Structures are given as structure tokens and as C-alpha cells.
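What follows is start-v1.cif (mmCIF, C-alpha atoms).
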```cif
data_data
loop_
_atom_site.label_atom_id
_atom_site.label_comp_id
_atom_site.auth_asym_id
_atom_site.auth_seq_id
_atom_site.Cartn_x
_atom_site.Cartn_y
_atom_site.Cartn_z
CA MET U 1 0.00 0.00 0.00
CA GLU U 2 2.48 2.57 -1.19
CA ALA U 3 -0.16 5.31 -1.50
CA LEU U 4 -1.17 4.85 2.14
CA VAL U 5 2.42 5.13 3.34
CA ASP U 6 2.91 8.23 1.17
CA LEU U 7 -0.17 9.89 2.69
CA LEU U 8 0.95 9.09 6.23
CA GLN U 9 4.44 10.45 5.55
CA GLN U 10 2.95 13.70 4.29
CA ASN U 11 0.55 14.04 7.24
CA ALA U 12 0.22 11.31 9.85
CA LEU U 13 -2.64 13.27 11.45
CA LEU U 14 -4.79 13.05 8.31
CA PRO U 15 -8.17 11.69 9.48
CA ARG U 16 -8.71 8.04 8.59
CA GLU U 17 -11.95 9.02 6.85
CA ASP U 18 -10.02 11.30 4.49
CA ILE U 19 -7.42 8.60 3.83
CA ALA U 20 -10.17 6.10 3.04
CA ARG U 21 -11.83 8.55 0.65
CA LEU U 22 -8.55 9.38 -1.11
CA LEU U 23 -7.66 5.69 -1.53
CA ASP U 24 -11.20 4.53 -2.33
CA LEU U 25 -11.24 2.22 0.70
CA THR U 26 -13.37 1.88 3.80
CA VAL U 27 -12.17 3.30 7.11
CA GLU U 28 -12.00 -0.28 8.42
CA GLN U 29 -9.71 -1.29 5.52
CA VAL U 30 -7.45 1.69 6.24
CA ASN U 31 -7.31 0.82 9.95
CA VAL U 32 -6.48 -2.81 9.21
CA GLU U 33 -3.77 -1.85 6.73
CA ILE U 34 -2.17 0.68 9.10
CA ALA U 35 -2.22 -1.88 11.93
CA ARG U 36 -0.56 -4.43 9.61
CA LEU U 37 2.13 -1.96 8.54
CA GLU U 38 2.83 -1.10 12.18
CA ALA U 39 2.93 -4.78 13.23
CA GLU U 40 5.33 -5.64 10.39
CA GLY U 41 7.66 -2.80 11.34
CA VAL U 42 7.11 -0.87 8.12
CA ILE U 43 5.75 2.08 10.10
CA LEU U 44 8.11 2.60 13.03
CA GLY U 45 6.51 5.67 14.59
CA TYR U 46 5.01 9.10 14.07
CA GLN U 47 6.79 12.39 14.75
CA ALA U 48 6.20 16.09 14.53
CA ILE U 49 8.60 18.20 12.45
CA VAL U 50 9.52 21.12 14.70
CA ASN U 51 10.71 24.51 13.48
CA ARG U 52 13.66 25.13 15.82
CA GLU U 53 13.65 28.83 14.94
CA LYS U 54 10.26 29.13 16.65
CA TRP U 55 10.59 26.41 19.28
CA ASP U 56 14.21 26.62 20.26
CA THR U 57 15.15 24.31 23.07
CA ASP U 58 18.73 25.56 22.93
CA THR U 59 19.94 22.25 21.58
CA VAL U 60 22.72 21.85 19.06
CA THR U 61 22.45 19.49 16.11
CA ALA U 62 25.53 18.07 14.42
CA VAL U 63 26.07 15.75 11.50
CA ILE U 64 29.09 13.54 12.07
CA GLU U 65 30.84 11.60 9.32
CA VAL U 66 32.41 8.46 10.73
CA ARG U 67 34.98 6.17 9.12
CA VAL U 68 35.06 2.74 10.73
CA MET U 69 36.86 -0.55 10.28
CA PRO U 70 34.16 -3.14 9.59
CA GLU U 71 34.14 -6.25 11.77
CA ARG U 72 34.99 -9.61 10.28
CA ASP U 73 31.62 -11.28 10.83
CA GLY U 74 29.41 -8.31 11.59
CA GLY U 75 30.51 -5.86 8.91
CA PHE U 76 29.20 -2.41 9.76
CA ASP U 77 26.01 -3.59 11.46
CA ARG U 78 27.28 -4.22 14.99
CA ILE U 79 29.32 -1.02 15.07
CA ALA U 80 26.43 1.05 13.70
CA SER U 81 24.05 -0.55 16.19
CA ARG U 82 26.41 0.27 19.06
CA ILE U 83 26.75 3.89 17.95
CA ALA U 84 23.00 4.25 17.38
CA LYS U 85 22.31 3.28 21.01
CA PHE U 86 23.91 6.44 22.40
CA GLU U 87 21.18 8.80 23.62
CA GLU U 88 22.70 11.73 21.69
CA VAL U 89 22.34 9.90 18.36
CA GLN U 90 19.09 10.76 16.60
CA THR U 91 19.88 9.15 13.24
CA CYS U 92 22.49 6.72 11.93
CA TYR U 93 22.98 5.76 8.27
CA LEU U 94 25.43 3.50 6.43
CA MET U 95 26.74 5.61 3.54
CA SER U 96 28.61 5.17 0.29
CA GLY U 97 31.53 7.45 -0.52
CA GLY U 98 34.31 8.89 1.59
CA TYR U 99 32.98 7.83 5.00
CA ASP U 100 31.01 4.85 6.27
CA LEU U 101 28.44 6.14 8.75
CA MET U 102 26.61 9.42 8.98
CA ILE U 103 25.11 10.17 12.35
CA VAL U 104 22.93 13.06 13.45
CA VAL U 105 23.51 14.06 17.05
CA GLN U 106 21.59 16.40 19.34
CA ALA U 107 23.09 17.77 22.54
CA ARG U 108 22.57 20.71 24.88
CA ASN U 109 25.55 22.70 23.53
CA LEU U 110 28.76 22.57 21.45
CA ARG U 111 30.78 21.24 24.37
CA ALA U 112 28.37 18.35 24.85
CA VAL U 113 28.76 17.39 21.17
CA ALA U 114 32.54 17.65 21.50
CA ALA U 115 32.44 15.49 24.64
CA PHE U 116 30.30 12.91 22.84
CA VAL U 117 32.81 12.70 20.00
CA ALA U 118 35.87 12.65 22.27
CA GLU U 119 34.62 10.44 25.08
CA LYS U 120 32.12 8.09 23.46
CA LEU U 121 32.44 7.94 19.68
CA SER U 122 36.22 8.18 19.26
CA THR U 123 36.89 5.64 21.99
CA ILE U 124 35.22 2.85 19.99
CA GLU U 125 38.07 0.75 18.66
CA ALA U 126 36.59 0.40 15.15
CA VAL U 127 36.21 4.19 14.70
CA GLN U 128 39.06 5.45 12.54
CA SER U 129 38.09 9.11 12.06
CA THR U 130 35.27 11.59 12.41
CA ALA U 131 34.29 14.92 10.88
CA THR U 132 31.70 17.02 12.68
CA HIS U 133 29.44 19.58 10.99
CA PHE U 134 27.04 21.77 12.97
CA ARG U 135 23.56 22.70 11.75
CA LEU U 136 23.29 26.46 11.46
CA LYS U 137 19.82 26.87 9.95
CA THR U 138 17.14 24.58 8.55
CA TYR U 139 15.36 25.33 5.28
CA LYS U 140 13.63 22.00 4.64
CA GLU U 141 13.31 18.95 6.86
CA ASN U 142 11.62 15.64 6.02
CA GLY U 143 9.77 17.29 3.15
CA ALA U 144 8.52 20.24 5.22
CA PHE U 145 9.72 23.74 4.38
CA HIS U 146 10.64 26.02 7.24
CA GLN U 147 9.63 29.61 6.64
CA VAL U 148 12.11 31.22 4.31
CA GLU U 149 11.78 34.88 3.48
CA HIS U 150 12.57 35.51 -0.15
CA ALA U 151 14.18 38.82 -0.96
CA PRO U 152 13.05 40.27 -4.26
CA GLU U 153 15.55 39.51 -6.99
CA ARG U 154 15.07 42.88 -8.69
CA LEU U 155 14.37 46.31 -7.40
CA SER U 156 10.93 47.65 -8.18
CA VAL U 157 10.79 50.22 -10.88
CA SER U 158 8.62 53.26 -10.36
CA PRO U 159 7.93 56.05 -12.82
#
```
Just give me the structure of the file as C-alpha cells.
Amino acid sequence: MEALVDLLQQNALLPREDIARLLDLTVEQVNVEIARLEAEGVILGYQAIVNREKWDTDTVTAVIEVRVMPERDGGFDRIASRIAKFEEVQTCYLMSGGYDLMIVVQARNLRAVAAFVAEKLSTIEAVQSTATHFRLKTYKENGAFHQVEHAPERLSVSP
């Protein structure tokens, strides 16, 4: 039910009646399908996308590139799982390219991110190197645009 998942990703609060109407299903069919997707682990949860400019909790977000030495039998999975369990880690991806893992970390300030990298992440034997990038401003997140003021490209002409 790709269309159902697409609708829920766009707006998980969309009333089931509206979903049923859009997909030409009954509300009961929609409820059964959502329950199945949740039970199978296709739908893992529902979250609000928060505009940090308006609801600033004074947290710092960093993206950290991590190069690791894969384990003989576990590859990247065990290392990534270990890293993902840290409370600071919000997201962890296996990547192609110049680094192996990309993690998104949230902490109370820059020092807390630095402490996480120095005391937790870098001390893992398989971690070879890290590069930390701090989020400065968000323009679009998970498909949702944050308010962006557009300056006019040209000056108005008046007679």
C-alpha cells in the first residue's frame, strides 16, 4: 500500500476518513492496513517536524561523518548498532563514498557534542576518524519547508 504510506508520511494526522476517501477504501480497511504496517515494522513511529527557529530548546544538532573498520563477521552492522544506542544519536545511516556512517547528534551545547565525539564515539576501537558539521539553519526537513523569506531579486521600478 504505497499510496497509504505516502499519505501518512505527508501528514500522519490526516483523518482516517479522508485517507479512506482518497484511496477509495473503507475506514475499516485503512485501519487494518495501518495496523498491519505497524505490526510488520514498516511504520516505526510518528513524529512532529519542529521549526527550531520558533521552538528553540537551545539544543545543538551536528552531522558527524564516521569512518570505521568493519568487523569480520558483523561488517558495519554491529558497530552502527552500538553507535545508534547512544542517547545523543538521533539518526544513523550507512553511507557510500568517503565515509562509512553518517550520524545526526543532538546535545545541549557545542561542548556536549565535543564530549560525545571525544569520550564516546572516538573511543570505539573500530572508529578510525570523524568529521563534525554543525547545523546552522534549517530550510527544509523531512519534506517540510521552514519559513524562508525571499528577498526580491530585482528592485521595483517606479515612474
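Shortest atom-to-atom contact with Met102 of chain U among U:His146, U:Lys54, U:Arg36, U:Arg67: U:Arg67, counting all atoms listed in the file.
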>> Ranking U:Tyr93, U:Phe76, U:Tyr139, U:Phe134 by minimum distance to Val60 of chain U and counting all atoms listed in the file, which one comes first?
In response: U:Phe134
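Taking only C-alpha atoms into account, the protein, DNA and RNA residues within 9 Å of (22.1, 10.1, 8.3) read U:Val63, U:Ile64, U:Glu65, U:Gln90, U:Thr91, U:Cys92, U:Tyr93, U:Leu94, U:Met95, U:Leu101, U:Met102, U:Ile103, U:Val104.
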> Using the chain letters and numbers from the file, which residues does the PyMOL selection byres ((chain U and resi 105) around 6) grab, as a ChimeraX atom specification?
Replying inline: /U:61-62,88-90,104,106
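Take the candidates U:Ala144, U:Val30, U:Ala48, U:Leu37 and check each one against Leu13 of chain U using all atoms listed in the file; the shortest distance goes to U:Ala48.
If you apply the PyMOL selection byres ((chain U and resi 116) around 12) to this structure, you end up with Ala62, Ile64, Ile83, Phe86, Glu87, Glu88, Val89, Val104, Val105, Gln106, Ala107, Arg108, Asn109, Leu110, Arg111, Ala112, Val113, Ala114, Ala115, Val117, Ala118, Glu119, Lys120, Leu121, Ser122, Thr123, Ile124, Thr130 and Thr132 of chain U.
With all atoms listed in the file as the basis for measurement, U:Val127 is the residue among U:Val5, U:Val27, U:Val127, U:Glu38 that approaches Ala80 of chain U most closely.
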